[in-house]
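Engineer: Have a peek at structure_38.cif (mmCIF, C-alpha atoms).
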```
data_entry
loop_
_atom_site.label_atom_id
_atom_site.label_comp_id
_atom_site.auth_asym_id
_atom_site.auth_seq_id
_atom_site.Cartn_x
_atom_site.Cartn_y
_atom_site.Cartn_z
CA MET A 1 18.45 -6.89 30.46
CA ASP A 2 18.77 -8.28 26.94
CA PRO A 3 22.22 -9.95 26.70
CA HIS A 4 22.35 -9.04 23.01
CA ALA A 5 21.43 -5.38 23.46
CA ASP A 6 25.01 -4.09 23.36
CA GLN A 7 25.71 -6.07 20.21
CA ILE A 8 22.61 -4.65 18.53
CA ILE A 9 23.58 -1.11 19.50
CA ARG A 10 27.12 -1.58 18.23
CA THR A 11 25.90 -3.00 14.91
CA LYS A 12 23.55 -0.09 14.33
CA SER A 13 26.23 2.38 15.36
CA LEU A 14 28.75 0.78 13.02
CA VAL A 15 26.36 1.08 10.07
CA ASP A 16 25.62 4.70 10.96
CA ARG A 17 29.32 5.50 11.29
CA THR A 18 30.03 3.81 7.96
CA LYS A 19 27.25 5.79 6.32
CA GLU A 20 28.74 9.05 7.59
CA LEU A 21 32.22 7.98 6.52
CA VAL A 22 31.01 7.20 3.00
CA LYS A 23 29.21 10.56 2.86
CA ALA A 24 32.41 12.29 3.94
CA LYS A 25 34.32 10.52 1.19
CA LEU A 26 31.74 11.63 -1.36
CA GLU A 27 31.84 15.23 -0.20
CA GLY A 28 35.62 15.13 -0.24
CA GLY A 29 35.77 13.71 -3.75
CA GLN A 30 37.24 10.41 -2.55
CA GLY A 31 34.24 8.19 -3.21
CA GLY A 32 35.15 7.18 -6.72
CA LEU A 33 35.96 8.36 -10.22
CA SER A 34 33.55 10.82 -11.83
CA ASP A 35 30.06 10.34 -10.39
CA VAL A 36 30.19 6.56 -9.89
CA LEU A 37 30.96 5.28 -6.42
CA LEU A 38 33.73 2.82 -5.67
CA SER A 39 32.67 -0.82 -5.55
CA GLU A 40 31.31 -2.28 -2.32
CA ARG A 41 34.51 -4.30 -1.95
CA GLU A 42 36.72 -1.22 -2.32
CA LEU A 43 34.57 0.81 0.05
CA ALA A 44 34.61 -1.95 2.65
CA LYS A 45 38.40 -2.05 2.48
CA SER A 46 38.81 1.73 2.69
CA CYS A 47 36.33 1.99 5.59
CA GLY A 48 37.71 -1.02 7.44
CA VAL A 49 34.34 -2.80 7.66
CA SER A 50 32.61 -5.79 6.05
CA ARG A 51 30.80 -5.63 2.72
CA THR A 52 27.54 -6.36 4.55
CA THR A 53 28.01 -3.23 6.68
CA VAL A 54 28.87 -1.16 3.60
CA ARG A 55 25.81 -2.48 1.77
CA GLN A 56 23.53 -1.50 4.68
CA ALA A 57 25.12 1.95 4.80
CA LEU A 58 24.65 2.41 1.05
CA ARG A 59 20.99 1.42 1.30
CA ARG A 60 20.50 4.12 3.91
CA LEU A 61 22.14 6.67 1.60
CA ILE A 62 19.83 5.55 -1.22
CA ALA A 63 16.82 5.97 1.05
CA GLU A 64 18.03 9.47 1.97
CA GLY A 65 18.49 10.46 -1.68
CA TYR A 66 22.30 10.71 -1.68
CA LEU A 67 22.77 7.76 -4.03
CA VAL A 68 20.94 5.86 -6.71
CA SER A 69 21.79 2.33 -7.81
CA LEU A 70 22.43 1.78 -11.52
CA PRO A 71 21.91 -1.77 -12.84
CA ARG A 72 25.28 -3.35 -13.80
CA ARG A 73 27.15 -0.12 -12.99
CA GLY A 74 27.01 0.26 -9.24
CA TYR A 75 26.05 3.32 -7.22
CA GLN A 76 25.83 6.80 -8.71
CA VAL A 77 26.46 9.84 -6.56
CA THR A 78 23.81 12.52 -6.46
CA SER A 79 24.51 16.12 -5.53
CA GLY A 80 23.61 15.55 -1.88
CA GLU A 81 20.41 16.91 -0.40
CA PRO A 82 18.15 17.65 -3.38
CA PRO A 83 16.85 21.20 -3.68
CA ARG A 84 13.17 21.87 -3.36
CA THR A 85 11.53 21.91 -6.77
CA ALA A 86 8.48 23.57 -8.21
CA GLY A 87 6.80 20.19 -8.69
CA GLY A 88 6.24 19.69 -4.97
CA LEU A 89 6.72 16.85 -2.53
CA VAL A 90 5.56 13.37 -3.57
CA ALA A 91 5.73 10.32 -1.33
CA PHE A 92 6.73 6.72 -1.87
CA VAL A 93 4.90 4.66 0.77
CA HIS A 94 5.85 1.05 1.40
CA GLY A 95 3.53 -1.15 3.42
CA THR A 96 6.32 -2.91 5.30
CA PRO A 97 7.33 -2.65 8.97
CA LYS A 98 10.98 -2.66 7.91
CA MET A 99 13.13 0.38 7.25
CA PRO A 100 14.38 0.96 3.67
CA TRP A 101 17.95 -0.23 4.28
CA THR A 102 16.63 -3.69 5.19
CA TRP A 103 14.33 -4.08 2.17
CA THR A 104 14.77 -6.84 -0.40
CA GLY A 105 16.60 -6.25 -3.67
CA TYR A 106 13.30 -5.99 -5.55
CA GLN A 107 11.87 -3.51 -3.05
CA MET A 108 15.01 -1.39 -3.29
CA ARG A 109 14.87 -1.52 -7.08
CA ILE A 110 11.36 -0.04 -7.04
CA LEU A 111 12.48 2.64 -4.58
CA GLU A 112 15.51 3.59 -6.66
CA GLU A 113 13.42 3.82 -9.83
CA PHE A 114 10.90 5.99 -7.97
CA GLN A 115 13.63 8.37 -6.80
CA ARG A 116 15.06 8.58 -10.30
CA ALA A 117 11.68 9.11 -11.98
CA ALA A 118 10.55 11.69 -9.41
CA ALA A 119 13.74 13.69 -9.85
CA GLY A 120 13.33 13.54 -13.62
CA ALA A 121 9.79 14.89 -13.29
CA GLY A 122 10.92 17.79 -11.08
CA LEU A 123 9.42 16.32 -7.89
CA ASP A 124 10.89 16.00 -4.41
CA PRO A 125 10.63 12.38 -3.23
CA LEU A 126 9.77 11.45 0.34
CA VAL A 127 10.26 7.79 1.36
CA VAL A 128 7.95 6.40 4.05
CA ALA A 129 7.65 2.85 5.44
CA LEU A 130 4.48 1.82 7.22
CA GLU A 131 6.63 0.56 10.13
CA HIS A 132 4.31 0.06 13.12
CA SER A 133 1.82 2.76 12.21
CA THR A 134 -1.70 2.22 10.94
CA PRO A 135 -2.45 3.19 7.34
CA GLU A 136 -4.67 5.99 8.65
CA GLU A 137 -1.81 7.41 10.74
CA VAL A 138 0.48 7.40 7.71
CA GLY A 139 -2.16 9.20 5.64
CA ARG A 140 -2.57 11.90 8.27
CA ARG A 141 1.20 12.41 8.59
CA LEU A 142 1.60 12.76 4.83
CA ALA A 143 -1.20 15.31 4.66
CA ALA A 144 0.40 17.27 7.52
CA ARG A 145 3.74 17.28 5.65
CA GLY A 146 2.15 18.93 2.63
CA VAL A 147 2.68 15.93 0.36
CA SER A 148 0.90 16.40 -2.96
CA GLY A 149 0.39 12.69 -3.70
CA ALA A 150 1.76 9.21 -3.09
CA VAL A 151 2.83 6.09 -4.94
CA VAL A 152 2.05 3.16 -2.64
CA ASP A 153 3.83 -0.20 -2.79
CA ALA A 154 1.81 -2.42 -0.44
CA ASP A 155 0.22 -5.85 -0.62
CA ASP A 156 -2.73 -4.46 1.34
CA PRO A 157 -4.73 -1.93 -0.71
CA ALA A 158 -5.95 -0.43 2.58
CA VAL A 159 -2.68 1.52 2.78
CA ALA A 160 -3.37 3.35 -0.48
CA LEU A 161 -7.04 3.80 0.38
CA ALA A 162 -6.09 5.38 3.72
CA VAL A 163 -3.77 7.83 1.96
CA ARG A 164 -6.57 8.78 -0.38
CA SER A 165 -8.99 9.14 2.55
CA ALA A 166 -6.58 11.72 3.98
CA GLY A 167 -7.32 13.85 0.93
CA LEU A 168 -4.25 12.90 -1.13
CA PRO A 169 -4.19 11.38 -4.61
CA ALA A 170 -2.65 7.90 -4.49
CA VAL A 171 -1.62 5.22 -6.96
CA LEU A 172 -1.08 1.61 -5.90
CA ILE A 173 1.92 -0.06 -7.53
CA ASP A 174 2.64 -3.79 -7.99
CA MET A 175 -0.84 -4.57 -6.64
CA ALA A 176 -4.39 -3.78 -7.76
CA ASP A 177 -7.78 -3.07 -6.25
CA PRO A 178 -10.90 -1.89 -8.10
CA ALA A 179 -11.34 1.00 -5.65
CA ILE A 180 -7.94 2.63 -6.28
CA ASP A 181 -5.80 3.60 -9.27
CA SER A 182 -3.03 1.07 -9.80
CA VAL A 183 -0.14 0.00 -12.02
CA THR A 184 0.95 -3.64 -12.20
CA MET A 185 2.75 -6.03 -14.49
CA ASP A 186 0.53 -7.91 -16.97
CA ASN A 187 0.33 -11.19 -15.04
CA VAL A 188 -2.29 -12.82 -17.26
CA GLY A 189 -0.55 -11.89 -20.50
CA GLY A 190 2.89 -12.88 -19.24
CA ALA A 191 1.73 -16.30 -18.03
CA HIS A 192 -0.13 -16.83 -21.30
CA VAL A 193 3.01 -16.07 -23.33
CA ALA A 194 5.14 -18.34 -21.11
CA THR A 195 2.74 -21.27 -21.55
CA GLU A 196 2.37 -20.66 -25.27
CA ALA A 197 6.16 -20.77 -25.63
CA LEU A 198 6.15 -24.31 -24.22
CA ILE A 199 3.22 -25.30 -26.42
CA ALA A 200 5.14 -24.01 -29.45
CA ARG A 201 7.94 -26.42 -28.51
CA ALA A 202 5.48 -29.31 -28.93
CA HIS A 203 4.75 -29.86 -25.24
CA ARG A 204 1.24 -31.06 -24.54
CA ARG A 205 1.51 -31.76 -20.81
CA ILE A 206 2.59 -28.62 -18.96
CA ALA A 207 2.72 -28.06 -15.20
CA PHE A 208 2.34 -24.79 -13.32
CA VAL A 209 4.40 -23.59 -10.35
CA GLY A 210 3.30 -20.54 -8.38
CA TYR A 211 3.79 -19.13 -4.91
CA GLU A 212 1.83 -17.53 -2.09
CA VAL A 213 2.95 -16.33 1.31
CA SER A 214 0.33 -18.33 3.22
CA ALA A 215 -2.46 -20.76 2.44
CA GLY A 216 -5.57 -19.04 1.21
CA SER A 217 -4.01 -15.60 1.05
CA GLY A 218 -5.61 -15.11 -2.37
CA SER A 219 -2.69 -13.39 -4.03
CA LEU A 220 -3.75 -11.29 -7.01
CA HIS A 221 -0.57 -12.21 -8.88
CA LEU A 222 -1.12 -15.92 -8.26
CA ARG A 223 -4.72 -15.83 -9.47
CA GLU A 224 -3.84 -13.91 -12.60
CA ARG A 225 -0.80 -15.98 -13.56
CA LEU A 226 -2.78 -19.17 -13.06
CA ALA A 227 -5.54 -17.70 -15.25
CA GLY A 228 -3.06 -16.94 -18.04
CA TYR A 229 -1.64 -20.46 -17.87
CA LEU A 230 -5.09 -22.07 -17.98
CA ALA A 231 -6.24 -19.81 -20.83
CA ALA A 232 -3.24 -20.75 -22.98
CA LEU A 233 -3.84 -24.47 -22.41
CA ALA A 234 -7.57 -24.13 -23.10
CA GLY A 235 -6.84 -22.25 -26.32
CA ALA A 236 -4.68 -25.14 -27.51
CA GLY A 237 -7.21 -27.75 -26.41
CA LEU A 238 -4.88 -29.15 -23.76
CA ALA A 239 -5.69 -30.62 -20.38
CA ALA A 240 -4.74 -28.87 -17.13
CA PRO A 241 -5.20 -31.39 -14.29
CA GLU A 242 -5.36 -29.77 -10.88
CA GLU A 243 -2.57 -32.01 -9.58
CA TRP A 244 -0.21 -30.41 -12.10
CA ARG A 245 -0.67 -27.01 -10.44
CA ILE A 246 1.89 -26.53 -7.67
CA VAL A 247 1.39 -23.57 -5.34
CA ALA A 248 4.43 -23.37 -3.06
CA ARG A 249 4.52 -21.61 0.28
CA PRO A 250 7.43 -20.67 2.58
CA GLY A 251 9.14 -23.87 3.71
CA ASP A 252 7.87 -25.98 0.80
CA ALA A 253 10.13 -27.80 -1.67
CA PRO A 254 8.57 -26.93 -5.06
CA GLY A 255 11.56 -28.38 -6.90
CA ARG A 256 11.04 -31.82 -5.38
CA MET A 257 7.29 -31.57 -5.98
CA LEU A 258 7.90 -30.70 -9.63
CA MET A 259 10.40 -33.52 -10.14
CA GLU A 260 7.86 -35.97 -8.70
CA LEU A 261 5.31 -34.82 -11.27
CA PHE A 262 7.84 -35.21 -14.08
CA GLY A 263 8.60 -38.74 -12.92
CA ARG A 264 5.01 -39.98 -13.11
CA GLU A 265 3.81 -41.99 -16.07
CA GLY A 266 1.77 -39.65 -18.23
CA GLY A 267 2.95 -36.69 -16.17
CA PRO A 268 3.98 -33.27 -17.51
CA THR A 269 7.01 -32.85 -19.76
CA ALA A 270 7.46 -29.13 -19.17
CA ALA A 271 6.54 -26.45 -16.63
CA ALA A 272 5.73 -22.76 -16.45
CA VAL A 273 7.54 -21.77 -13.23
CA LEU A 274 5.97 -18.40 -12.66
CA TRP A 275 7.51 -17.04 -9.47
CA PRO A 276 11.09 -15.85 -8.70
CA GLU A 277 10.90 -17.09 -5.10
CA VAL A 278 10.72 -20.73 -6.18
CA LEU A 279 13.58 -20.60 -8.69
CA PRO A 280 16.47 -21.45 -6.27
CA ASP A 281 14.74 -24.64 -5.13
CA VAL A 282 13.60 -25.61 -8.64
CA GLY A 283 17.08 -25.02 -10.05
CA ALA A 284 18.72 -27.14 -7.35
CA ALA A 285 16.27 -30.00 -7.91
CA LEU A 286 16.71 -29.80 -11.68
CA ALA A 287 20.50 -29.85 -11.36
CA ALA A 288 20.32 -33.06 -9.31
CA ALA A 289 17.87 -34.81 -11.65
CA PRO A 290 19.02 -37.15 -14.45
CA ALA A 291 16.49 -35.67 -16.90
CA ARG A 292 16.27 -32.08 -18.12
CA PRO A 293 12.58 -31.11 -18.31
CA ASP A 294 11.77 -27.98 -20.29
CA LEU A 295 10.96 -24.78 -18.39
CA VAL A 296 9.87 -21.22 -18.98
CA VAL A 297 10.36 -19.22 -15.78
CA TRP A 298 9.33 -15.88 -14.28
CA TRP A 299 12.37 -13.65 -13.77
CA GLY A 300 10.02 -10.81 -12.86
CA GLY A 301 11.39 -7.42 -11.92
CA ALA A 302 13.86 -8.72 -9.35
CA PRO A 303 17.45 -7.66 -10.07
CA ARG A 304 19.98 -10.40 -10.85
CA SER A 305 17.46 -13.25 -11.04
CA ARG A 306 18.98 -14.61 -14.28
CA GLU A 307 22.53 -14.09 -13.01
CA ASP A 308 21.69 -15.86 -9.75
CA TRP A 309 20.37 -18.86 -11.68
CA ALA A 310 23.58 -19.05 -13.71
CA GLU A 311 25.75 -18.82 -10.59
CA ARG A 312 23.77 -21.42 -8.64
CA CYS A 313 23.35 -23.87 -11.53
CA PRO A 314 26.23 -23.36 -13.97
CA GLN A 315 25.69 -26.81 -15.49
CA LEU A 316 22.10 -25.94 -16.49
CA PRO A 317 20.90 -23.79 -19.37
CA ILE A 318 19.43 -20.44 -18.42
CA PRO A 319 15.78 -21.01 -19.36
CA ASP A 320 13.59 -18.63 -21.30
CA GLY A 321 11.93 -16.30 -18.84
CA MET A 322 9.39 -13.55 -18.40
CA SER A 323 10.53 -10.09 -17.31
CA TRP A 324 9.27 -6.50 -17.17
CA ASP A 325 10.70 -3.03 -16.77
CA VAL A 326 10.39 -1.82 -13.15
CA GLY A 327 11.27 1.70 -14.27
CA GLU A 328 8.34 1.70 -16.70
CA MET A 329 6.01 0.60 -13.92
CA VAL A 330 7.14 3.46 -11.68
CA ARG A 331 7.00 6.05 -14.47
CA LYS A 332 3.46 5.03 -15.36
CA ALA A 333 2.46 5.28 -11.70
CA LEU A 334 3.89 8.80 -11.46
CA SER A 335 2.20 9.78 -14.72
CA ARG A 336 -1.16 8.60 -13.39
CA LEU A 337 -0.49 10.37 -10.10
CA GLU A 338 0.16 13.62 -11.95
CA ARG A 339 -3.23 13.34 -13.66
CA LEU A 340 -4.88 12.72 -10.31
CA ARG A 341 -3.05 15.68 -8.78
CA ALA A 342 -4.33 17.90 -11.56
CA ALA A 343 -7.90 16.69 -10.96
CA GLY A 344 -7.72 16.63 -7.16
CA ALA A 345 -7.51 13.55 -4.94
CA GLY A 346 -9.30 11.47 -7.57
CA ASP A 347 -11.38 11.81 -10.72
CA GLY A 348 -13.96 9.18 -9.75
CA ARG A 349 -12.75 6.59 -12.26
CA PRO A 350 -10.08 4.32 -10.75
CA SER A 351 -8.04 2.72 -13.49
CA ARG A 352 -5.51 -0.08 -13.72
CA THR A 353 -2.50 0.31 -16.00
CA LEU A 354 -0.53 -2.74 -17.14
CA VAL A 355 3.18 -3.03 -17.89
CA ALA A 356 4.07 -5.52 -20.61
CA VAL A 357 5.81 -8.73 -19.54
CA ASP A 358 8.23 -9.89 -22.24
CA LEU A 359 9.84 -13.23 -23.03
CA VAL A 360 13.63 -13.10 -22.61
CA PRO A 361 15.49 -15.88 -24.49
CA GLY A 362 17.60 -18.26 -22.44
CA GLU A 363 21.25 -19.18 -22.81
CA ALA A 364 23.34 -22.35 -23.05
CA PRO A 365 25.11 -23.64 -19.92
CA ARG A 366 28.14 -21.57 -18.98
CA ARG A 367 30.06 -24.51 -17.56
CA ARG A 368 29.52 -28.22 -18.05
CA ARG A 369 29.31 -30.67 -15.16
CA GLU A 370 32.64 -32.38 -14.60
CA ALA A 371 32.74 -36.08 -15.45
#
```
In structure tokens, what does this structure look like?
Structural biologist:
Amino acid sequence: MDPHADQIIRTKSLVDRTKELVKAKLEGGQGGLSDVLLSERELAKSCGVSRTTVRQALRRLIAEGYLVSLPRRGYQVTSGEPPRTAGGLVAFVHGTPKMPWTWTGYQMRILEEFQRAAAGAGLDPLVVALEHSTPEEVGRRLAARGVSGAVVDADDPAVALAVRSAGLPAVLIDMADPAIDSVTMDNVGGAHVATEALIARAHRRIAFVGYEVSAGSGSLHLRERLAGYLAALAGAGLAAPEEWRIVARPGDAPGRMLMELFGREGGPTAAAVLWPEVLPDVGAALAAAPARPDLVVWWGGAPRSREDWAERCPQLPIPDGMSWDVGEMVRKALSRLERLRAAGAGDGRPSRTLVAVDLVPGEAPRRRREA
């Protein structure tokens, strides 16, 4: 018998009980003022549990449609179980084996924007994780449920293709494949703008920092951001030595690798750091370095990426960074899905829609290093 089994059962039960307790508070009008829920800290205190437990419970309520998360405001209470609408049932399919309440902040942000946009369009949202099913099994289950279409957030386009093979219109989000309709951020354009911003500041030797989950995985985002970086350098007649291109993977230390490049004679004087996952390590290495190389970074669509940088590295400036509107990405996906629904499962012309990636100005350090 697993010696940790009881602990696992108790943890799950505690989250479930907390979820029900929070729901009871909402239904009893004790969840907060107006339609905005009490803070996580206040809820944890009133429920007698940790903030981690409350956060897991709130994520489950978001996945069930009871709450939505508002950036910088907290959690907003919905009216409970949403009524069936004339627009029909539309699915959000995530190609992860994890359940929604364990998703990352970025994954939850996309889900919350989908729920908000679907409700605004008069659609009933259904949230589905791939879990341990095959893409084909998920497609068949959605068809059996009477789903009229699906927005698919999966690194593997096969998930969206399987949904379409089940006879349902599908749009891939945050990933692209020529065989399926998709909506992504403009990786090439964003990387081009980031590199041009450094060129405009008179830098002529600019490094690149990207990220991929495993060697040779061939990430679309990595290829496109690297292409934008190289195109900007080529347009300015600048060199782009291969050794200046850092592609970090889980367990790597991209900050140390970047500082080593900066320390070489004739090495780069600036860097386009084009992945949120590498920012904690790069910020820590930069904070410990005597020099302050120039950066433009990729905040992306992840919530709190700029705030996290400021909290981790208060002695450093917040660099200029590239960001996009996750809500716009979801709304464009739903708009394309509606056109596909009107035409059937597909109109024979898969298209890719891009969301603009904009340069967000940085800020001065919020607190100086003590002498």
Engineer: Just say which residues the PyMOL selection byres ((chain A and resi 101-106) around 9) picks in this file, as a list in words.
Structural biologist: Arg55, Gln56, Ala57, Leu58, Arg59, Arg60, Leu61, Ile62, Ala63, Thr96, Lys98, Met99, Pro100, Gln107, Met108, Arg109, Ile110, Leu111, Gly301, Ala302, Pro303 and Arg304 of chain A
Engineer: If you apply the PyMOL selection byres ((chain A and resi 282-295) around 9) to this file, what residues do you get, as a PDB file with C-alpha atoms, keeping the file's coordinate frame?
Structural biologist:
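Result written to expr_20.pdb:
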```
ATOM      1  CA  LEU A 198       6.150 -24.310 -24.220  1.00  0.00           C
ATOM      2  CA  HIS A 203       4.750 -29.860 -25.240  1.00  0.00           C
ATOM      3  CA  ALA A 253      10.130 -27.800  -1.670  1.00  0.00           C
ATOM      4  CA  PRO A 254       8.570 -26.930  -5.060  1.00  0.00           C
ATOM      5  CA  GLY A 255      11.560 -28.380  -6.900  1.00  0.00           C
ATOM      6  CA  ARG A 256      11.040 -31.820  -5.380  1.00  0.00           C
ATOM      7  CA  LEU A 258       7.900 -30.700  -9.630  1.00  0.00           C
ATOM      8  CA  MET A 259      10.400 -33.520 -10.140  1.00  0.00           C
ATOM      9  CA  PHE A 262       7.840 -35.210 -14.080  1.00  0.00           C
ATOM     10  CA  PRO A 268       3.980 -33.270 -17.510  1.00  0.00           C
ATOM     11  CA  THR A 269       7.010 -32.850 -19.760  1.00  0.00           C
ATOM     12  CA  ALA A 270       7.460 -29.130 -19.170  1.00  0.00           C
ATOM     13  CA  ALA A 271       6.540 -26.450 -16.630  1.00  0.00           C
ATOM     14  CA  ALA A 272       5.730 -22.760 -16.450  1.00  0.00           C
ATOM     15  CA  VAL A 273       7.540 -21.770 -13.230  1.00  0.00           C
ATOM     16  CA  VAL A 278      10.720 -20.730  -6.180  1.00  0.00           C
ATOM     17  CA  LEU A 279      13.580 -20.600  -8.690  1.00  0.00           C
ATOM     18  CA  PRO A 280      16.470 -21.450  -6.270  1.00  0.00           C
ATOM     19  CA  ASP A 281      14.740 -24.640  -5.130  1.00  0.00           C
ATOM     20  CA  VAL A 296       9.870 -21.220 -18.980  1.00  0.00           C
ATOM     21  CA  VAL A 297      10.360 -19.220 -15.780  1.00  0.00           C
ATOM     22  CA  TRP A 309      20.370 -18.860 -11.680  1.00  0.00           C
ATOM     23  CA  ARG A 312      23.770 -21.420  -8.640  1.00  0.00           C
ATOM     24  CA  CYS A 313      23.350 -23.870 -11.530  1.00  0.00           C
ATOM     25  CA  GLN A 315      25.690 -26.810 -15.490  1.00  0.00           C
ATOM     26  CA  LEU A 316      22.100 -25.940 -16.490  1.00  0.00           C
ATOM     27  CA  PRO A 319      15.780 -21.010 -19.360  1.00  0.00           C
ATOM     28  CA  ASP A 320      13.590 -18.630 -21.300  1.00  0.00           C
ATOM     29  CA  GLY A 321      11.930 -16.300 -18.840  1.00  0.00           C
TER      30      GLY A 321
END
```
Engineer: Nearest residue to Gly210 in chain A out of A:Asp186, A:Asp325, A:Glu277, A:Glu196, using all atoms listed in the file?
Structural biologist: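 Closest candidate: A:Glu277.
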Engineer: A:Asp124, A:Val54, A:Val15, A:Glu113: which is nearest Gly88 in chain A, counting only C-alpha atoms?
Structural biologist: A:Asp124
Engineer: Show which residues sit within 9 Å of range 115-117 of chain A, as a count of residues only. Count all atoms listed in the file, and ignore same-chain residues fewer than 5 positions away.
Structural biologist: 16
Engineer: Any chance you could work out the residue set of the PyMOL selection byres ((chain A and resi 178) around 9) here, as a ChimeraX atom specification?
Structural biologist: /A:176-177,179-182,350-352
Engineer: Nearest to Phe208 in chain A among A:Glu243, A:Asp153, A:Glu112, A:Glu136, with distances taken over all atoms listed in the file: which residue is it?
Structural biologist: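 Among the listed residues, the smallest separation from Phe208 in chain A belongs to A:Glu243.
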Engineer: If we count all atoms listed in the file and set the cut-off at 12 Å, which residues sit around Met322 in chain A, ignoring sequence neighbours fewer than 3 positions away in its own chain? Please answer as a PyMOL selection string.
Structural biologist: chain A and resi 185-195+197+225+272-276+295-302+305-306+319+325+356-362
Engineer: Which neighbours of Pro157 in chain A fall inside 12 Å, counting all atoms listed in the file, when residues of the same chain fewer than 3 positions from it are skipped, and could you give them as a ChimeraX atom specification?
Structural biologist: /A:93-95,135,151-154,160-164,170-182,220
Engineer: Please, what distance in Å, to one decimal, runs between CA of Glu131 in chain A and CA of Leu89 in chain A?
Structural biologist: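 Between CA of Glu131 in chain A and CA of Leu89 in chain A the gap is 20.6 Å.
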Engineer: Record the distance separating CA of Lys332 in chain A and CA of Ala232 in chain A, expressed in Å with one decimal.
Structural biologist: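 Between CA of Lys332 in chain A and CA of Ala232 in chain A the gap works out to 27.7 Å.
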